[in-house]
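What follows is one structure encoded as structure tokens, with my remarks underneath.
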Amino acid sequence: MRRNKSVFVGLLCGVVCVCCVFIYTQVLKDQIEEERGEALARYGGEQIEVYVAKRDVAAGETLDSACVETRMWLADLLPHDAFVSDENVIGLRASSDIYAGEVLVEKRFSQEVQTLSIPQGLTALSVPAQSVQAVGGALMPGSRVDVYATGATATTLLAKDVLVVATDAASESQANAAISWITLAVKPASVQELVAAAASAELYFALPTTQGELPSSREEDQ
């Protein structure tokens, strides 16, 4: 009997919590609507029909008709990149969280896509690397490096003259920024060896001096 009473009390508490959350959500929604109405009444002016989030949208979620709606909004209070009703937002993927009642703007869907140029017959492979392992962070897309794996007892040359196609400090203005990964263009047959080496050893990237940059014997003597 006592057990049944405890279960009943627990269920009752759960129902009360759900009701409190629902009431709070409704109060918050009403408050947003009230503030919007006051702004429209205070400022007046032209109104534009825009897209608004009907519910909370998580980053990475794709918009569908169930999570957006249109509302009239004061033009002077709209962000410059707001989506208006004659644009199609269905299918856009959110790059950050969007909250219910928020006007949909382009920056919430910014998708910066890095296009890699991979030579034919090669494969793009990203491996971890600290700046000290990557010539002090000086490696940039287009660099050609020799790749070494070093462990507790030995250092092995894994590949020579490998093309760097991307790093997380790729812009020239960030040439001295910290590096945490490097993407290489490697032969498909080398992928397994490089992945295994990255998992069990430290990878180091050497930037060889080109033949044209070698000092002459006269310069060395000086």
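So you can find residues: chains in the structure tokens are A, B, ... in the order shown, residues in each start at 1, and ligands are numbered from 1 in order.
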Near-Pro79 (chain A) list (10 Å; only C-alpha atoms; drop same-chain fewer than 4 positions) as an mmCIF file with N, CA, C and O atoms, in the first residue's frame:
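Okay, out-v8.cif is ready:
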data_model
loop_
_atom_site.group_PDB
_atom_site.id
_atom_site.type_symbol
_atom_site.label_atom_id
_atom_site.label_comp_id
_atom_site.auth_asym_id
_atom_site.auth_seq_id
_atom_site.Cartn_x
_atom_site.Cartn_y
_atom_site.Cartn_z
ATOM 1 N N ALA A 75 9.576 46.733 -40.508
ATOM 2 C CA ALA A 75 10.734 46.729 -41.401
ATOM 3 C C ALA A 75 11.955 47.379 -40.758
ATOM 4 O O ALA A 75 13.074 46.901 -40.908
ATOM 5 N N PHE A 83 15.094 36.604 -43.685
ATOM 6 C CA PHE A 83 14.410 35.939 -44.799
ATOM 7 C C PHE A 83 12.971 36.416 -44.860
ATOM 8 O O PHE A 83 12.218 36.283 -43.890
ATOM 9 N N VAL A 103 13.370 35.718 -35.650
ATOM 10 C CA VAL A 103 13.353 35.947 -37.096
ATOM 11 C C VAL A 103 14.516 35.181 -37.721
ATOM 12 O O VAL A 103 15.643 35.212 -37.221
ATOM 13 N N LEU A 104 14.249 34.472 -38.811
ATOM 14 C CA LEU A 104 15.297 33.707 -39.470
ATOM 15 C C LEU A 104 16.184 34.638 -40.293
ATOM 16 O O LEU A 104 15.691 35.411 -41.117
ATOM 17 N N VAL A 105 17.488 34.544 -40.050
ATOM 18 C CA VAL A 105 18.459 35.386 -40.752
ATOM 19 C C VAL A 105 19.535 34.500 -41.368
ATOM 20 O O VAL A 105 19.765 33.369 -40.935
ATOM 21 N N GLU A 106 20.191 35.038 -42.383
ATOM 22 C CA GLU A 106 21.164 34.249 -43.152
ATOM 23 C C GLU A 106 22.309 33.735 -42.298
ATOM 24 O O GLU A 106 22.811 32.632 -42.505
#
Can you tell me which residues surround Glu49 (chain A) at a distance of at most 6 Å, considering only C-alpha atoms, apart from same-chain residues fewer than 6 positions away, and format the answer as a PyMOL selection string? chain A and resi 71-72+84-85
Written selection (all heavy atoms) as a compact mmCIF listing (two decimals), in the first residue's frame:
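Result file out33.txt:
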# COMPACT_ATOMS: atom_id res chain seq x y z
N ARG A 71 5.29 35.85 -40.20
CA ARG A 71 4.65 36.87 -39.38
C ARG A 71 4.96 38.24 -39.97
O ARG A 71 5.96 38.42 -40.65
CB ARG A 71 5.16 36.83 -37.93
CG ARG A 71 4.78 35.59 -37.15
CD ARG A 71 5.26 35.72 -35.72
NE ARG A 71 5.17 34.48 -34.99
CZ ARG A 71 5.65 34.28 -33.77
NH1 ARG A 71 6.26 35.29 -33.14
NH2 ARG A 71 5.54 33.12 -33.18
N MET A 72 4.09 39.18 -39.66
CA MET A 72 4.35 40.56 -40.04
C MET A 72 5.32 41.17 -39.04
O MET A 72 5.19 40.98 -37.84
CB MET A 72 3.05 41.36 -40.09
CG MET A 72 2.03 40.84 -41.09
SD MET A 72 2.68 40.75 -42.79
CE MET A 72 2.99 42.50 -43.12
N VAL A 84 12.57 36.96 -46.01
CA VAL A 84 11.19 37.41 -46.19
C VAL A 84 10.37 36.29 -46.81
O VAL A 84 10.90 35.28 -47.27
CB VAL A 84 11.15 38.68 -47.07
CG1 VAL A 84 11.87 39.82 -46.37
CG2 VAL A 84 11.78 38.42 -48.43
N SER A 85 9.06 36.48 -46.83
CA SER A 85 8.15 35.39 -47.15
C SER A 85 8.24 34.88 -48.58
O SER A 85 7.80 33.77 -48.86
CB SER A 85 6.70 35.82 -46.86
OG SER A 85 6.36 36.95 -47.65
Among A:Leu194, A:Val164, A:Ala82, A:Val68, Ala134 (chain A) is approached most closely, using only C-alpha atoms, by A:Val164
Distance CA of Thr25 (chain A)-CA of Leu92 (chain A), one decimal place?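 One can read the CA of Thr25 (chain A) to CA of Leu92 (chain A) distance as 25.9 Å.
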Rank A:Thr62, A:Ser117, A:Gln26, A:Gln133 by their smallest atom-to-atom distance to Phe205 (chain A), using only C-alpha atoms, and report the top residue only.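 With only C-alpha atoms as the atom set, the closest residue is A:Gln133.
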Straight-line distance linking CA of Val191 (chain A) with CA of Ala138 (chain A), stated in Å to one decimal: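 Rounded to one decimal, the two atoms are 23.7 Å apart.
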Shortest contact to Val89 (chain A), candidates A:Val127, A:Pro119, A:Val50, A:Leu74, atoms counted only C-alpha atoms, goes to A:Val50
Test item, alpha helix (DSSP H) assignment across region 36-142 of chain A, answer as a VMD selection string: chain A and resid 36 to 43
Please determine, counting only C-alpha atoms, which residue among A:Leu78, A:Ala129, A:Val165, A:Ala197 has the shortest atom-to-atom distance to Glu46 (chain A).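 Between A:Leu78, A:Ala129, A:Val165, A:Ala197, the residue approaching Glu46 (chain A) most closely is A:Leu78.
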Mind pulling up the distance from CA of Ala94 (chain A) to CA of Lys54 (chain A)? 14.0 Å
To test your reading of the structure, identify every residue in region 90-199 of chain A that backbone DSSP assigns to strand (DSSP E), and report it as an NGL selection string. :A and (123-128 or 144-150 or 155-167 or 181-186)
12 Å contact set for Leu158 (chain A), only C-alpha atoms, chain neighbours under 2 positions out, as a list in words: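 What passes the distance filter is Val145, Asp146, Val147, Tyr148, Ala149, Thr150, Thr155, Thr156, Lys160, Asp161, Val162, Val186, Lys187, Ala189, Ser190, Val191, Gln192, Glu193, Leu194, Val195, Ala196, Ala197, Ala198, Ala201, Glu202, Leu203, Tyr204, Phe205 and Ala206 of chain A.
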Considering only C-alpha atoms, state which residue in the set A:Ile90, A:Met140, A:Leu184, A:Leu157 is at the smallest distance from Leu122 (chain A).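 Using only C-alpha atoms, Leu122 (chain A) sits closest to A:Leu184.
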Within 10 Å of Glu102 (chain A), counting only C-alpha atoms, which residues qualify if same-chain residues fewer than 5 places away don't, as a compact mmCIF listing (two decimals) with all heavy atoms, in the first residue's frame?
# COMPACT_ATOMS: atom_id res chain seq x y z
N ILE A 32 6.74 37.47 -25.53
CA ILE A 32 7.38 37.84 -26.80
C ILE A 32 6.38 38.51 -27.72
O ILE A 32 6.67 39.53 -28.35
CB ILE A 32 7.99 36.59 -27.47
CG1 ILE A 32 9.17 36.07 -26.63
CG2 ILE A 32 8.46 36.90 -28.88
CD1 ILE A 32 9.73 34.75 -27.14
N TYR A 51 9.97 35.16 -42.23
CA TYR A 51 9.96 33.83 -41.63
C TYR A 51 10.44 33.90 -40.19
O TYR A 51 11.43 34.57 -39.87
CB TYR A 51 10.85 32.88 -42.41
CG TYR A 51 10.24 32.39 -43.70
CD1 TYR A 51 10.72 32.84 -44.93
CD2 TYR A 51 9.20 31.46 -43.70
CE1 TYR A 51 10.16 32.40 -46.12
CE2 TYR A 51 8.64 31.01 -44.89
CZ TYR A 51 9.13 31.47 -46.08
OH TYR A 51 8.58 31.03 -47.26
N VAL A 52 9.74 33.16 -39.33
CA VAL A 52 10.06 33.11 -37.91
C VAL A 52 10.09 31.64 -37.48
O VAL A 52 9.33 30.81 -38.01
CB VAL A 52 9.01 33.89 -37.08
CG1 VAL A 52 9.26 33.75 -35.59
CG2 VAL A 52 9.00 35.35 -37.49
N ALA A 53 10.97 31.32 -36.54
CA ALA A 53 11.03 29.95 -36.02
C ALA A 53 9.78 29.66 -35.20
O ALA A 53 9.43 30.39 -34.28
CB ALA A 53 12.28 29.76 -35.18
N LYS A 54 9.10 28.59 -35.56
CA LYS A 54 7.88 28.20 -34.87
C LYS A 54 8.19 27.50 -33.55
O LYS A 54 7.39 27.49 -32.62
CB LYS A 54 7.08 27.27 -35.79
CG LYS A 54 5.60 27.18 -35.49
CD LYS A 54 4.93 26.38 -36.59
CE LYS A 54 3.43 26.33 -36.39
NZ LYS A 54 2.77 25.56 -37.49
N ARG A 55 9.37 26.90 -33.50
CA ARG A 55 9.84 26.20 -32.30
C ARG A 55 11.37 26.32 -32.26
O ARG A 55 11.98 26.87 -33.18
CB ARG A 55 9.43 24.73 -32.33
CG ARG A 55 9.95 23.99 -33.56
CD ARG A 55 9.72 22.49 -33.45
NE ARG A 55 10.12 21.75 -34.63
CZ ARG A 55 11.36 21.43 -34.94
NH1 ARG A 55 12.37 21.79 -34.13
NH2 ARG A 55 11.64 20.73 -36.04
N ASP A 56 11.97 25.84 -31.19
CA ASP A 56 13.43 25.84 -31.12
C ASP A 56 14.00 24.92 -32.19
O ASP A 56 13.48 23.81 -32.42
CB ASP A 56 13.90 25.35 -29.74
CG ASP A 56 13.61 26.36 -28.64
OD1 ASP A 56 13.27 27.51 -28.97
OD2 ASP A 56 13.73 26.00 -27.46
N VAL A 68 8.74 26.42 -39.14
CA VAL A 68 8.78 27.83 -39.53
C VAL A 68 7.36 28.32 -39.82
O VAL A 68 6.46 27.54 -40.14
CB VAL A 68 9.66 28.07 -40.78
CG1 VAL A 68 11.10 27.70 -40.50
CG2 VAL A 68 9.14 27.29 -41.98
Counting only C-alpha atoms, closest pick from A:Leu77, A:Gly60, A:Thr209, A:Ala154 relative to Arg93 (chain A) is A:Gly60
